[in-house]
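Right, one structure below, let's go through it.
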Amino acid sequence: MSSDSSLNPSASPAGKFHLRMPATSANLGPGFDAAAVALDFALEIDAEPASEFSIQATGRDAERCAQLEDNLILGIYKELLLSHGRPVVPLAIQMENGIPLGMGCGSSAAGRLAAIVLAVHFGQLGWTSERILEEACVLEGHPDNAAACWLGGFVSAASEGRTVHVARVEPPAEWRAIVATPLEPLATSKARAVLPATYTLADAVFNIQSAALLGLAFAQGRGDLLRVAMQDRIHQPYRGPLCPLLPRLLPLAGQSGILGAALSGAGPSVLLIIESESSIGRALAAIRREINDLQDIELRVSRLQSRGGRDLVPGLLT
């Protein structure tokens with residue numbers, strides 16, 4: 001990203017404004033709060049000034065998304081405008097949501113980024129792309145999901161105060177993802193509450209080794225490394241009891257065209273990286289054999305998304 005990239009402050013905020021924020025899968029095993037990849041389903045929004053706030057929502061969790069009270073996007077949008085001395089411009093929003101809420105697919109990062117960009121556009125704040133990402137990471141509390149959602153691709157990210165440092169690569173074009181999602185969501189706060197305060201040296205070293213492999217496996221297209229590179233001892237062993245799909249699907253890594261497997265975000269969904277389009281059938285069959293006694297499990301095939309929300313924002317100068 002260029003250091004002077006920004007939403008053009010002279011651009012008129014009148015008329016419809018379109019956003020598309022992709023889903024993401026974070027942590028990717030050992031990359032706890034540090035690594036994520038963008039997926040090809042998304043939160044899409046068309047917004048324009050109106051006399052009062054309204055939301056027409058379709059897609060996943062449409063009823064919740066359309067609520068005006070306790071709405072994540074509207075709350076952040078209003079707060080940012082007020083805190084920066086801008087009038088709160090009511091918006092008529094049309095939303096198509098493809099990201100299930102509370103399932104570990106980055107719905108909160110997508111919503112927060114959408115809210116920030118709406119405030120920057122309609123409040124004519126003139127923020128840089130870096131400033132938008134920094135604000136999202138502060139609100140998220142960690143940089144991985146927000147960075148992948150905003151930039152697309154595979155990212156490794158670290159926060160230094162408010163500053164976010166990101167390394168990004170294009171995922172191998174032939175790789176695919178399968179996201180296995182149960183019926184019931186899991187709050188991130190609940191998933192974090194089960195994590196220990198300290199870890200053994202052996203577990204810390206294990207995760208450092210896996211995480212070091214993870215970034216290079218994505219950068220070099222080394223699918224043969226993912227089985228090991230996506231192993232983890234920091235969060236997945238403790239979240240397993242909350243995420244019943246995890247212990248069933250992790251052992252599939254390295255077989256049936258499945259390169260690696262990990263909890264998606266904080267769960268309860270599980271992400272499986274597939275070696276190619278031609279391997280999807282074998283992979284789905286193997287997954288179904290492991291979960292055939294479970295009810296209401298969605299298996300979603302996805303491409304790894306190279307474009308992020310930043311790439312589709314009108315008026316973004318790079």
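So you can find residues: chains in the structure tokens are A, B, ... in the order shown, residues in each start at 1, and ligands are numbered from 1 in order.
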Can you tell me which residues surround A:Ala191 at a distance of at most 8 Å, considering only C-alpha atoms, apart from same-chain residues fewer than 6 positions away, and format the answer as number ranges by chain? A: 239, 242, 266-267
Convert the current residue selection to file output with N, CA and C atoms, as a short mmCIF file (atom, residue, chain, number, x, y, z; two decimals), in the first residue's frame.
```
data_model
loop_
_atom_site.label_atom_id
_atom_site.label_comp_id
_atom_site.auth_asym_id
_atom_site.auth_seq_id
_atom_site.Cartn_x
_atom_site.Cartn_y
_atom_site.Cartn_z
N ARG A 239 -10.02 -25.26 22.45
CA ARG A 239 -11.32 -24.91 21.86
C ARG A 239 -12.04 -26.13 21.30
N LEU A 242 -15.51 -27.00 22.48
CA LEU A 242 -16.54 -26.06 22.04
C LEU A 242 -16.85 -26.20 20.56
N ALA A 266 -12.07 -18.16 15.53
CA ALA A 266 -12.29 -18.72 16.87
C ALA A 266 -13.24 -19.90 16.86
N GLY A 267 -13.69 -20.31 15.65
CA GLY A 267 -14.64 -21.39 15.52
C GLY A 267 -16.07 -20.87 15.51
#
```
Of the candidates A:Arg168, A:Arg112, A:His121, A:Lys190, which shows the shortest atom-to-atom distance to A:Gly141, using only C-alpha atoms? A:Arg112
One decimal place gives the atom CA of A:Pro30-atom CA of A:Gln231 separation as 6.1 Å
Please run DSSP on the backbone and report, as a PDB file with N, CA, C and O atoms, in the first residue's frame, all residues within stretch 31-174 of chain A that come out as strand (DSSP E).
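File produced: part-v2.pdb:
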```pdb
ATOM      1  N   GLY A  31      -1.126 -19.622  13.484  1.00  0.00           N
ATOM      2  CA  GLY A  31      -1.036 -18.172  13.292  1.00  0.00           C
ATOM      3  C   GLY A  31      -2.028 -17.408  14.137  1.00  0.00           C
ATOM      4  O   GLY A  31      -2.746 -16.531  13.647  1.00  0.00           O
ATOM      5  N   PHE A  32      -2.062 -17.700  15.424  1.00  0.00           N
ATOM      6  CA  PHE A  32      -3.052 -17.124  16.336  1.00  0.00           C
ATOM      7  C   PHE A  32      -2.937 -15.600  16.372  1.00  0.00           C
ATOM      8  O   PHE A  32      -1.882 -15.055  16.718  1.00  0.00           O
ATOM      9  N   ASP A  33      -4.031 -14.917  16.007  1.00  0.00           N
ATOM     10  CA  ASP A  33      -4.077 -13.449  15.964  1.00  0.00           C
ATOM     11  C   ASP A  33      -3.042 -12.842  15.014  1.00  0.00           C
ATOM     12  O   ASP A  33      -2.692 -11.682  15.142  1.00  0.00           O
ATOM     13  N   ALA A  34      -2.524 -13.633  14.065  1.00  0.00           N
ATOM     14  CA  ALA A  34      -1.428 -13.145  13.225  1.00  0.00           C
ATOM     15  C   ALA A  34      -1.576 -13.471  11.750  1.00  0.00           C
ATOM     16  O   ALA A  34      -1.015 -12.755  10.919  1.00  0.00           O
ATOM     17  N   ALA A  35      -2.306 -14.528  11.375  1.00  0.00           N
ATOM     18  CA  ALA A  35      -2.377 -14.954   9.978  1.00  0.00           C
ATOM     19  C   ALA A  35      -3.825 -15.193   9.583  1.00  0.00           C
ATOM     20  O   ALA A  35      -4.642 -15.656  10.382  1.00  0.00           O
ATOM     21  N   ALA A  36      -4.137 -14.878   8.321  1.00  0.00           N
ATOM     22  CA  ALA A  36      -5.497 -15.075   7.823  1.00  0.00           C
ATOM     23  C   ALA A  36      -5.483 -15.105   6.308  1.00  0.00           C
ATOM     24  O   ALA A  36      -4.538 -14.636   5.662  1.00  0.00           O
ATOM     25  N   VAL A  37      -6.567 -15.626   5.751  1.00  0.00           N
ATOM     26  CA  VAL A  37      -6.725 -15.652   4.297  1.00  0.00           C
ATOM     27  C   VAL A  37      -8.147 -15.224   3.968  1.00  0.00           C
ATOM     28  O   VAL A  37      -9.097 -15.532   4.706  1.00  0.00           O
ATOM     29  N   ALA A  38      -8.301 -14.476   2.857  1.00  0.00           N
ATOM     30  CA  ALA A  38      -9.622 -14.035   2.413  1.00  0.00           C
ATOM     31  C   ALA A  38     -10.293 -15.124   1.595  1.00  0.00           C
ATOM     32  O   ALA A  38      -9.641 -15.863   0.849  1.00  0.00           O
ATOM     33  N   LEU A  39     -11.624 -15.221   1.721  1.00  0.00           N
ATOM     34  CA  LEU A  39     -12.429 -16.209   1.012  1.00  0.00           C
ATOM     35  C   LEU A  39     -13.389 -15.498   0.057  1.00  0.00           C
ATOM     36  O   LEU A  39     -13.589 -14.277   0.161  1.00  0.00           O
ATOM     37  N   ASP A  40     -14.028 -16.254  -0.842  1.00  0.00           N
ATOM     38  CA  ASP A  40     -14.749 -15.591  -1.929  1.00  0.00           C
ATOM     39  C   ASP A  40     -16.217 -15.300  -1.653  1.00  0.00           C
ATOM     40  O   ASP A  40     -16.938 -14.868  -2.552  1.00  0.00           O
ATOM     41  N   PHE A  41     -16.718 -15.501  -0.426  1.00  0.00           N
ATOM     42  CA  PHE A  41     -18.052 -15.026  -0.095  1.00  0.00           C
ATOM     43  C   PHE A  41     -17.911 -13.760   0.746  1.00  0.00           C
ATOM     44  O   PHE A  41     -16.875 -13.541   1.372  1.00  0.00           O
ATOM     45  N   ALA A  42     -18.938 -12.907   0.750  1.00  0.00           N
ATOM     46  CA  ALA A  42     -18.705 -11.537   1.205  1.00  0.00           C
ATOM     47  C   ALA A  42     -19.952 -10.865   1.759  1.00  0.00           C
ATOM     48  O   ALA A  42     -21.086 -11.322   1.573  1.00  0.00           O
ATOM     49  N   LEU A  43     -19.699  -9.753   2.430  1.00  0.00           N
ATOM     50  CA  LEU A  43     -20.721  -8.782   2.814  1.00  0.00           C
ATOM     51  C   LEU A  43     -20.714  -7.679   1.761  1.00  0.00           C
ATOM     52  O   LEU A  43     -19.681  -7.045   1.540  1.00  0.00           O
ATOM     53  N   GLU A  44     -21.846  -7.474   1.103  1.00  0.00           N
ATOM     54  CA  GLU A  44     -21.943  -6.427   0.087  1.00  0.00           C
ATOM     55  C   GLU A  44     -22.979  -5.400   0.518  1.00  0.00           C
ATOM     56  O   GLU A  44     -24.062  -5.754   0.997  1.00  0.00           O
ATOM     57  N   ILE A  45     -22.626  -4.129   0.324  1.00  0.00           N
ATOM     58  CA  ILE A  45     -23.484  -3.038   0.775  1.00  0.00           C
ATOM     59  C   ILE A  45     -23.574  -1.971  -0.305  1.00  0.00           C
ATOM     60  O   ILE A  45     -22.566  -1.585  -0.896  1.00  0.00           O
ATOM     61  N   ASP A  46     -24.805  -1.504  -0.555  1.00  0.00           N
ATOM     62  CA  ASP A  46     -25.044  -0.274  -1.307  1.00  0.00           C
ATOM     63  C   ASP A  46     -25.687   0.702  -0.337  1.00  0.00           C
ATOM     64  O   ASP A  46     -26.713   0.379   0.280  1.00  0.00           O
ATOM     65  N   ALA A  47     -25.093   1.888  -0.196  1.00  0.00           N
ATOM     66  CA  ALA A  47     -25.605   2.877   0.758  1.00  0.00           C
ATOM     67  C   ALA A  47     -25.715   4.238   0.079  1.00  0.00           C
ATOM     68  O   ALA A  47     -24.892   4.586  -0.772  1.00  0.00           O
ATOM     69  N   GLU A  48     -26.727   4.992   0.473  1.00  0.00           N
ATOM     70  CA  GLU A  48     -26.889   6.355  -0.037  1.00  0.00           C
ATOM     71  C   GLU A  48     -27.553   7.209   1.039  1.00  0.00           C
ATOM     72  O   GLU A  48     -28.261   6.687   1.912  1.00  0.00           O
ATOM     73  N   PRO A  49     -27.321   8.528   0.995  1.00  0.00           N
ATOM     74  CA  PRO A  49     -27.933   9.407   1.992  1.00  0.00           C
ATOM     75  C   PRO A  49     -29.454   9.328   1.937  1.00  0.00           C
ATOM     76  O   PRO A  49     -30.047   9.131   0.872  1.00  0.00           O
ATOM     77  N   SER A  54     -32.216   3.209   7.339  1.00  0.00           N
ATOM     78  CA  SER A  54     -32.971   2.004   7.010  1.00  0.00           C
ATOM     79  C   SER A  54     -32.003   0.960   6.462  1.00  0.00           C
ATOM     80  O   SER A  54     -30.971   1.299   5.882  1.00  0.00           O
ATOM     81  N   ILE A  55     -32.313  -0.305   6.687  1.00  0.00           N
ATOM     82  CA  ILE A  55     -31.513  -1.400   6.164  1.00  0.00           C
ATOM     83  C   ILE A  55     -32.439  -2.443   5.565  1.00  0.00           C
ATOM     84  O   ILE A  55     -33.343  -2.944   6.256  1.00  0.00           O
ATOM     85  N   GLN A  56     -32.242  -2.747   4.308  1.00  0.00           N
ATOM     86  CA  GLN A  56     -32.901  -3.875   3.665  1.00  0.00           C
ATOM     87  C   GLN A  56     -31.839  -4.952   3.473  1.00  0.00           C
ATOM     88  O   GLN A  56     -30.873  -4.742   2.733  1.00  0.00           O
ATOM     89  N   ALA A  57     -32.000  -6.071   4.144  1.00  0.00           N
ATOM     90  CA  ALA A  57     -30.964  -7.105   4.132  1.00  0.00           C
ATOM     91  C   ALA A  57     -31.494  -8.398   3.548  1.00  0.00           C
ATOM     92  O   ALA A  57     -32.639  -8.794   3.787  1.00  0.00           O
ATOM     93  N   THR A  58     -30.634  -9.052   2.776  1.00  0.00           N
ATOM     94  CA  THR A  58     -30.901 -10.379   2.262  1.00  0.00           C
ATOM     95  C   THR A  58     -29.672 -11.239   2.534  1.00  0.00           C
ATOM     96  O   THR A  58     -28.616 -10.744   2.895  1.00  0.00           O
ATOM     97  N   GLY A  59     -29.810 -12.542   2.355  1.00  0.00           N
ATOM     98  CA  GLY A  59     -28.669 -13.428   2.552  1.00  0.00           C
ATOM     99  C   GLY A  59     -28.636 -14.016   3.951  1.00  0.00           C
ATOM    100  O   GLY A  59     -29.669 -14.201   4.608  1.00  0.00           O
ATOM    101  N   LEU A  91     -28.444   6.914   6.422  1.00  0.00           N
ATOM    102  CA  LEU A  91     -28.200   6.135   5.220  1.00  0.00           C
ATOM    103  C   LEU A  91     -29.334   5.146   4.976  1.00  0.00           C
ATOM    104  O   LEU A  91     -29.875   4.553   5.911  1.00  0.00           O
ATOM    105  N   ALA A  92     -29.661   4.983   3.710  1.00  0.00           N
ATOM    106  CA  ALA A  92     -30.496   3.865   3.269  1.00  0.00           C
ATOM    107  C   ALA A  92     -29.546   2.793   2.752  1.00  0.00           C
ATOM    108  O   ALA A  92     -28.799   3.019   1.801  1.00  0.00           O
ATOM    109  N   ILE A  93     -29.557   1.653   3.411  1.00  0.00           N
ATOM    110  CA  ILE A  93     -28.600   0.596   3.113  1.00  0.00           C
ATOM    111  C   ILE A  93     -29.314  -0.620   2.537  1.00  0.00           C
ATOM    112  O   ILE A  93     -30.315  -1.088   3.090  1.00  0.00           O
ATOM    113  N   GLN A  94     -28.789  -1.108   1.424  1.00  0.00           N
ATOM    114  CA  GLN A  94     -29.195  -2.393   0.876  1.00  0.00           C
ATOM    115  C   GLN A  94     -28.019  -3.348   1.068  1.00  0.00           C
ATOM    116  O   GLN A  94     -26.911  -3.058   0.623  1.00  0.00           O
ATOM    117  N   MET A  95     -28.269  -4.442   1.742  1.00  0.00           N
ATOM    118  CA  MET A  95     -27.193  -5.345   2.151  1.00  0.00           C
ATOM    119  C   MET A  95     -27.465  -6.761   1.664  1.00  0.00           C
ATOM    120  O   MET A  95     -28.566  -7.276   1.811  1.00  0.00           O
ATOM    121  N   GLU A  96     -26.452  -7.365   1.066  1.00  0.00           N
ATOM    122  CA  GLU A  96     -26.475  -8.791   0.734  1.00  0.00           C
ATOM    123  C   GLU A  96     -25.358  -9.433   1.534  1.00  0.00           C
ATOM    124  O   GLU A  96     -24.174  -9.208   1.258  1.00  0.00           O
ATOM    125  N   ASN A  97     -25.722 -10.194   2.544  1.00  0.00           N
ATOM    126  CA  ASN A  97     -24.715 -10.759   3.436  1.00  0.00           C
ATOM    127  C   ASN A  97     -24.478 -12.226   3.143  1.00  0.00           C
ATOM    128  O   ASN A  97     -25.376 -13.052   3.285  1.00  0.00           O
ATOM    129  N   PHE A 154      -3.482 -13.943   1.310  1.00  0.00           N
ATOM    130  CA  PHE A 154      -2.982 -14.460   2.583  1.00  0.00           C
ATOM    131  C   PHE A 154      -2.149 -13.365   3.233  1.00  0.00           C
ATOM    132  O   PHE A 154      -1.298 -12.741   2.584  1.00  0.00           O
ATOM    133  N   VAL A 155      -2.380 -13.113   4.518  1.00  0.00           N
ATOM    134  CA  VAL A 155      -1.640 -12.075   5.218  1.00  0.00           C
ATOM    135  C   VAL A 155      -1.050 -12.610   6.514  1.00  0.00           C
ATOM    136  O   VAL A 155      -1.625 -13.479   7.165  1.00  0.00           O
ATOM    137  N   SER A 156       0.120 -12.078   6.846  1.00  0.00           N
ATOM    138  CA  SER A 156       0.665 -12.168   8.198  1.00  0.00           C
ATOM    139  C   SER A 156       0.710 -10.738   8.723  1.00  0.00           C
ATOM    140  O   SER A 156       1.172  -9.836   8.012  1.00  0.00           O
ATOM    141  N   ALA A 157       0.236 -10.521   9.931  1.00  0.00           N
ATOM    142  CA  ALA A 157       0.089  -9.160  10.430  1.00  0.00           C
ATOM    143  C   ALA A 157       0.516  -9.069  11.887  1.00  0.00           C
ATOM    144  O   ALA A 157       0.377 -10.017  12.657  1.00  0.00           O
ATOM    145  N   ALA A 158       1.054  -7.906  12.243  1.00  0.00           N
ATOM    146  CA  ALA A 158       1.453  -7.637  13.630  1.00  0.00           C
ATOM    147  C   ALA A 158       1.123  -6.190  13.957  1.00  0.00           C
ATOM    148  O   ALA A 158       1.260  -5.303  13.104  1.00  0.00           O
ATOM    149  N   SER A 159       0.689  -5.950  15.178  1.00  0.00           N
ATOM    150  CA  SER A 159       0.378  -4.603  15.643  1.00  0.00           C
ATOM    151  C   SER A 159       1.506  -4.082  16.521  1.00  0.00           C
ATOM    152  O   SER A 159       2.071  -4.810  17.341  1.00  0.00           O
ATOM    153  N   GLU A 160       1.830  -2.805  16.334  1.00  0.00           N
ATOM    154  CA  GLU A 160       2.801  -2.092  17.164  1.00  0.00           C
ATOM    155  C   GLU A 160       2.130  -0.809  17.611  1.00  0.00           C
ATOM    156  O   GLU A 160       2.167   0.195  16.919  1.00  0.00           O
ATOM    157  N   THR A 163      -0.086   1.088  14.970  1.00  0.00           N
ATOM    158  CA  THR A 163       0.476   0.787  13.662  1.00  0.00           C
ATOM    159  C   THR A 163       0.350  -0.697  13.356  1.00  0.00           C
ATOM    160  O   THR A 163       0.617  -1.544  14.206  1.00  0.00           O
ATOM    161  N   VAL A 164      -0.066  -1.006  12.132  1.00  0.00           N
ATOM    162  CA  VAL A 164      -0.230  -2.398  11.707  1.00  0.00           C
ATOM    163  C   VAL A 164       0.779  -2.687  10.611  1.00  0.00           C
ATOM    164  O   VAL A 164       0.857  -1.977   9.604  1.00  0.00           O
ATOM    165  N   HIS A 165       1.565  -3.729  10.789  1.00  0.00           N
ATOM    166  CA  HIS A 165       2.539  -4.166   9.795  1.00  0.00           C
ATOM    167  C   HIS A 165       1.997  -5.433   9.140  1.00  0.00           C
ATOM    168  O   HIS A 165       1.661  -6.402   9.836  1.00  0.00           O
ATOM    169  N   VAL A 166       1.916  -5.431   7.821  1.00  0.00           N
ATOM    170  CA  VAL A 166       1.302  -6.547   7.104  1.00  0.00           C
ATOM    171  C   VAL A 166       2.202  -7.011   5.966  1.00  0.00           C
ATOM    172  O   VAL A 166       2.718  -6.186   5.200  1.00  0.00           O
ATOM    173  N   ALA A 167       2.395  -8.316   5.872  1.00  0.00           N
ATOM    174  CA  ALA A 167       2.993  -8.936   4.691  1.00  0.00           C
ATOM    175  C   ALA A 167       1.892  -9.733   4.012  1.00  0.00           C
ATOM    176  O   ALA A 167       1.162 -10.489   4.663  1.00  0.00           O
ATOM    177  N   ARG A 168       1.762  -9.561   2.696  1.00  0.00           N
ATOM    178  CA  ARG A 168       0.653 -10.168   1.963  1.00  0.00           C
ATOM    179  C   ARG A 168       1.179 -10.887   0.732  1.00  0.00           C
ATOM    180  O   ARG A 168       2.078 -10.378   0.046  1.00  0.00           O
ATOM    181  N   VAL A 169       0.604 -12.049   0.435  1.00  0.00           N
ATOM    182  CA  VAL A 169       0.936 -12.769  -0.795  1.00  0.00           C
ATOM    183  C   VAL A 169      -0.354 -13.244  -1.452  1.00  0.00           C
ATOM    184  O   VAL A 169      -1.385 -13.400  -0.795  1.00  0.00           O
TER     185      VAL A 169
END
```
Residues flagged alpha helix (DSSP H) by DSSP in stretch 239-272 of chain A, as a list in words: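 Matching residues for alpha helix (DSSP H) in stretch 239-272 of chain A are Arg239, Leu245, Leu246, Pro247, Arg248 and Leu249 of chain A.
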Serialized selection, all heavy atoms, as a PDB file, in the first residue's frame:
```pdb
ATOM      1  N   ARG A 239     -10.024 -25.255  22.447  1.00  0.00           N
ATOM      2  CA  ARG A 239     -11.315 -24.910  21.861  1.00  0.00           C
ATOM      3  C   ARG A 239     -12.039 -26.128  21.298  1.00  0.00           C
ATOM      4  O   ARG A 239     -13.224 -26.038  20.944  1.00  0.00           O
ATOM      5  CB  ARG A 239     -11.116 -23.856  20.762  1.00  0.00           C
ATOM      6  CG  ARG A 239     -10.731 -22.492  21.328  1.00  0.00           C
ATOM      7  CD  ARG A 239     -10.305 -21.513  20.267  1.00  0.00           C
ATOM      8  NE  ARG A 239     -10.279 -20.150  20.814  1.00  0.00           N
ATOM      9  CZ  ARG A 239      -9.816 -19.094  20.163  1.00  0.00           C
ATOM     10  NH1 ARG A 239      -9.320 -19.225  18.937  1.00  0.00           N
ATOM     11  NH2 ARG A 239      -9.839 -17.893  20.725  1.00  0.00           N
ATOM     12  N   LEU A 245     -16.642 -30.177  15.428  1.00  0.00           N
ATOM     13  CA  LEU A 245     -16.141 -30.556  14.106  1.00  0.00           C
ATOM     14  C   LEU A 245     -14.614 -30.662  14.088  1.00  0.00           C
ATOM     15  O   LEU A 245     -14.047 -31.413  13.287  1.00  0.00           O
ATOM     16  CB  LEU A 245     -16.569 -29.534  13.051  1.00  0.00           C
ATOM     17  CG  LEU A 245     -18.037 -29.506  12.654  1.00  0.00           C
ATOM     18  CD1 LEU A 245     -18.290 -28.396  11.642  1.00  0.00           C
ATOM     19  CD2 LEU A 245     -18.462 -30.842  12.083  1.00  0.00           C
ATOM     20  N   LEU A 246     -13.956 -29.923  14.967  1.00  0.00           N
ATOM     21  CA  LEU A 246     -12.496 -29.821  14.903  1.00  0.00           C
ATOM     22  C   LEU A 246     -11.786 -31.160  15.098  1.00  0.00           C
ATOM     23  O   LEU A 246     -10.978 -31.556  14.251  1.00  0.00           O
ATOM     24  CB  LEU A 246     -12.007 -28.787  15.920  1.00  0.00           C
ATOM     25  CG  LEU A 246     -10.520 -28.470  15.891  1.00  0.00           C
ATOM     26  CD1 LEU A 246     -10.131 -27.829  14.557  1.00  0.00           C
ATOM     27  CD2 LEU A 246     -10.139 -27.547  17.050  1.00  0.00           C
ATOM     28  N   PRO A 247     -12.030 -31.906  16.192  1.00  0.00           N
ATOM     29  CA  PRO A 247     -11.299 -33.176  16.363  1.00  0.00           C
ATOM     30  C   PRO A 247     -11.622 -34.206  15.292  1.00  0.00           C
ATOM     31  O   PRO A 247     -10.812 -35.101  15.026  1.00  0.00           O
ATOM     32  CB  PRO A 247     -11.742 -33.658  17.752  1.00  0.00           C
ATOM     33  CG  PRO A 247     -13.016 -32.936  18.034  1.00  0.00           C
ATOM     34  CD  PRO A 247     -12.911 -31.622  17.347  1.00  0.00           C
ATOM     35  N   ARG A 248     -12.761 -34.077  14.640  1.00  0.00           N
ATOM     36  CA  ARG A 248     -13.108 -35.021  13.578  1.00  0.00           C
ATOM     37  C   ARG A 248     -12.388 -34.712  12.268  1.00  0.00           C
ATOM     38  O   ARG A 248     -12.038 -35.627  11.521  1.00  0.00           O
ATOM     39  CB  ARG A 248     -14.621 -35.011  13.345  1.00  0.00           C
ATOM     40  CG  ARG A 248     -15.434 -35.492  14.537  1.00  0.00           C
ATOM     41  CD  ARG A 248     -16.850 -35.731  14.118  1.00  0.00           C
ATOM     42  NE  ARG A 248     -17.673 -36.170  15.243  1.00  0.00           N
ATOM     43  CZ  ARG A 248     -18.691 -37.006  15.114  1.00  0.00           C
ATOM     44  NH1 ARG A 248     -18.985 -37.515  13.918  1.00  0.00           N
ATOM     45  NH2 ARG A 248     -19.420 -37.351  16.157  1.00  0.00           N
ATOM     46  N   LEU A 249     -12.206 -33.420  11.981  1.00  0.00           N
ATOM     47  CA  LEU A 249     -11.706 -33.043  10.664  1.00  0.00           C
ATOM     48  C   LEU A 249     -10.204 -32.787  10.623  1.00  0.00           C
ATOM     49  O   LEU A 249      -9.587 -32.915   9.555  1.00  0.00           O
ATOM     50  CB  LEU A 249     -12.462 -31.803  10.163  1.00  0.00           C
ATOM     51  CG  LEU A 249     -13.969 -32.002   9.975  1.00  0.00           C
ATOM     52  CD1 LEU A 249     -14.609 -30.728   9.425  1.00  0.00           C
ATOM     53  CD2 LEU A 249     -14.266 -33.179   9.065  1.00  0.00           C
TER      54      LEU A 249
END
```
Nearest to A:Ser189 among A:Glu69, A:Leu82, A:Gly265, A:Pro22, with distances taken over only C-alpha atoms: which residue is it? A:Gly265
Env of stretch 298-306 of chain A: 6 Å cut, atoms = only C-alpha atoms, seq-sep filter 5 positions within chain, self excluded. Answer as a PyMOL selection string. chain A and resi 38-40+152-153+170+176-181
Can you write out the residues you just picked, keeping N, CA, C and O atoms, as a PDB file, in the first residue's frame?
```pdb
ATOM      1  N   ALA A  38      -8.301 -14.476   2.857  1.00  0.00           N
ATOM      2  CA  ALA A  38      -9.622 -14.035   2.413  1.00  0.00           C
ATOM      3  C   ALA A  38     -10.293 -15.124   1.595  1.00  0.00           C
ATOM      4  O   ALA A  38      -9.641 -15.863   0.849  1.00  0.00           O
ATOM      5  N   LEU A  39     -11.624 -15.221   1.721  1.00  0.00           N
ATOM      6  CA  LEU A  39     -12.429 -16.209   1.012  1.00  0.00           C
ATOM      7  C   LEU A  39     -13.389 -15.498   0.057  1.00  0.00           C
ATOM      8  O   LEU A  39     -13.589 -14.277   0.161  1.00  0.00           O
ATOM      9  N   ASP A  40     -14.028 -16.254  -0.842  1.00  0.00           N
ATOM     10  CA  ASP A  40     -14.749 -15.591  -1.929  1.00  0.00           C
ATOM     11  C   ASP A  40     -16.217 -15.300  -1.653  1.00  0.00           C
ATOM     12  O   ASP A  40     -16.938 -14.868  -2.552  1.00  0.00           O
ATOM     13  N   GLY A 152      -7.160  -8.604   1.056  1.00  0.00           N
ATOM     14  CA  GLY A 152      -7.285  -9.826   0.290  1.00  0.00           C
ATOM     15  C   GLY A 152      -6.049 -10.687   0.392  1.00  0.00           C
ATOM     16  O   GLY A 152      -5.030 -10.303   0.961  1.00  0.00           O
ATOM     17  N   GLY A 153      -6.129 -11.904  -0.155  1.00  0.00           N
ATOM     18  CA  GLY A 153      -4.994 -12.805  -0.168  1.00  0.00           C
ATOM     19  C   GLY A 153      -4.702 -13.422   1.180  1.00  0.00           C
ATOM     20  O   GLY A 153      -5.548 -13.441   2.087  1.00  0.00           O
ATOM     21  N   GLU A 170      -0.283 -13.468  -2.758  1.00  0.00           N
ATOM     22  CA  GLU A 170      -1.388 -14.077  -3.488  1.00  0.00           C
ATOM     23  C   GLU A 170      -1.391 -15.580  -3.191  1.00  0.00           C
ATOM     24  O   GLU A 170      -0.369 -16.245  -3.390  1.00  0.00           O
ATOM     25  N   ARG A 176      -8.098 -24.518  -3.210  1.00  0.00           N
ATOM     26  CA  ARG A 176      -9.476 -24.209  -2.860  1.00  0.00           C
ATOM     27  C   ARG A 176      -9.638 -24.371  -1.350  1.00  0.00           C
ATOM     28  O   ARG A 176      -8.755 -24.895  -0.661  1.00  0.00           O
ATOM     29  N   ALA A 177     -10.768 -23.928  -0.844  1.00  0.00           N
ATOM     30  CA  ALA A 177     -11.076 -24.098   0.576  1.00  0.00           C
ATOM     31  C   ALA A 177     -12.445 -24.726   0.717  1.00  0.00           C
ATOM     32  O   ALA A 177     -13.340 -24.491  -0.101  1.00  0.00           O
ATOM     33  N   ILE A 178     -12.594 -25.535   1.736  1.00  0.00           N
ATOM     34  CA  ILE A 178     -13.911 -26.007   2.157  1.00  0.00           C
ATOM     35  C   ILE A 178     -14.101 -25.538   3.596  1.00  0.00           C
ATOM     36  O   ILE A 178     -13.240 -25.779   4.451  1.00  0.00           O
ATOM     37  N   VAL A 179     -15.203 -24.860   3.840  1.00  0.00           N
ATOM     38  CA  VAL A 179     -15.522 -24.395   5.189  1.00  0.00           C
ATOM     39  C   VAL A 179     -16.676 -25.235   5.712  1.00  0.00           C
ATOM     40  O   VAL A 179     -17.772 -25.239   5.136  1.00  0.00           O
ATOM     41  N   ALA A 180     -16.413 -25.965   6.775  1.00  0.00           N
ATOM     42  CA  ALA A 180     -17.429 -26.799   7.417  1.00  0.00           C
ATOM     43  C   ALA A 180     -18.011 -26.022   8.591  1.00  0.00           C
ATOM     44  O   ALA A 180     -17.282 -25.643   9.521  1.00  0.00           O
ATOM     45  N   THR A 181     -19.325 -25.794   8.557  1.00  0.00           N
ATOM     46  CA  THR A 181     -19.964 -24.913   9.532  1.00  0.00           C
ATOM     47  C   THR A 181     -21.140 -25.608  10.204  1.00  0.00           C
ATOM     48  O   THR A 181     -22.044 -26.091   9.511  1.00  0.00           O
TER      49      THR A 181
END
```
Tell me which protein, DNA and RNA residues are within 10 Å of A:Phe206, counting only C-alpha atoms, leaving out same-chain ones fewer than 5 positions away, and put them as a PyMOL selection string. chain A and resi 30+200-201+211+231-234
Using only C-alpha atoms, which of the listed residues (A:Leu271, A:Ile208, A:Cys65, A:Ile297) sits closest to A:Gly104?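 Selected residue with least distance to A:Gly104: A:Leu271.
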Between atom CA of A:Thr24 and atom CA of A:Glu130, what is the distance, to one decimal in Å?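 Going from atom CA of A:Thr24 over to atom CA of A:Glu130, I get 18.8 Å.
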Find the residue from A:Gly281, A:Gly102, A:Gly221, A:Gly308 that sits nearest to A:Arg60; use only C-alpha atoms when measuring.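 Between A:Gly281, A:Gly102, A:Gly221, A:Gly308, the residue approaching A:Arg60 most closely is A:Gly102.
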Point-to-point distance from atom CA of A:Cys105 to atom CA of A:Val89, Å rounded to tenths: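 Going from atom CA of A:Cys105 over to atom CA of A:Val89, I get 29.7 Å.
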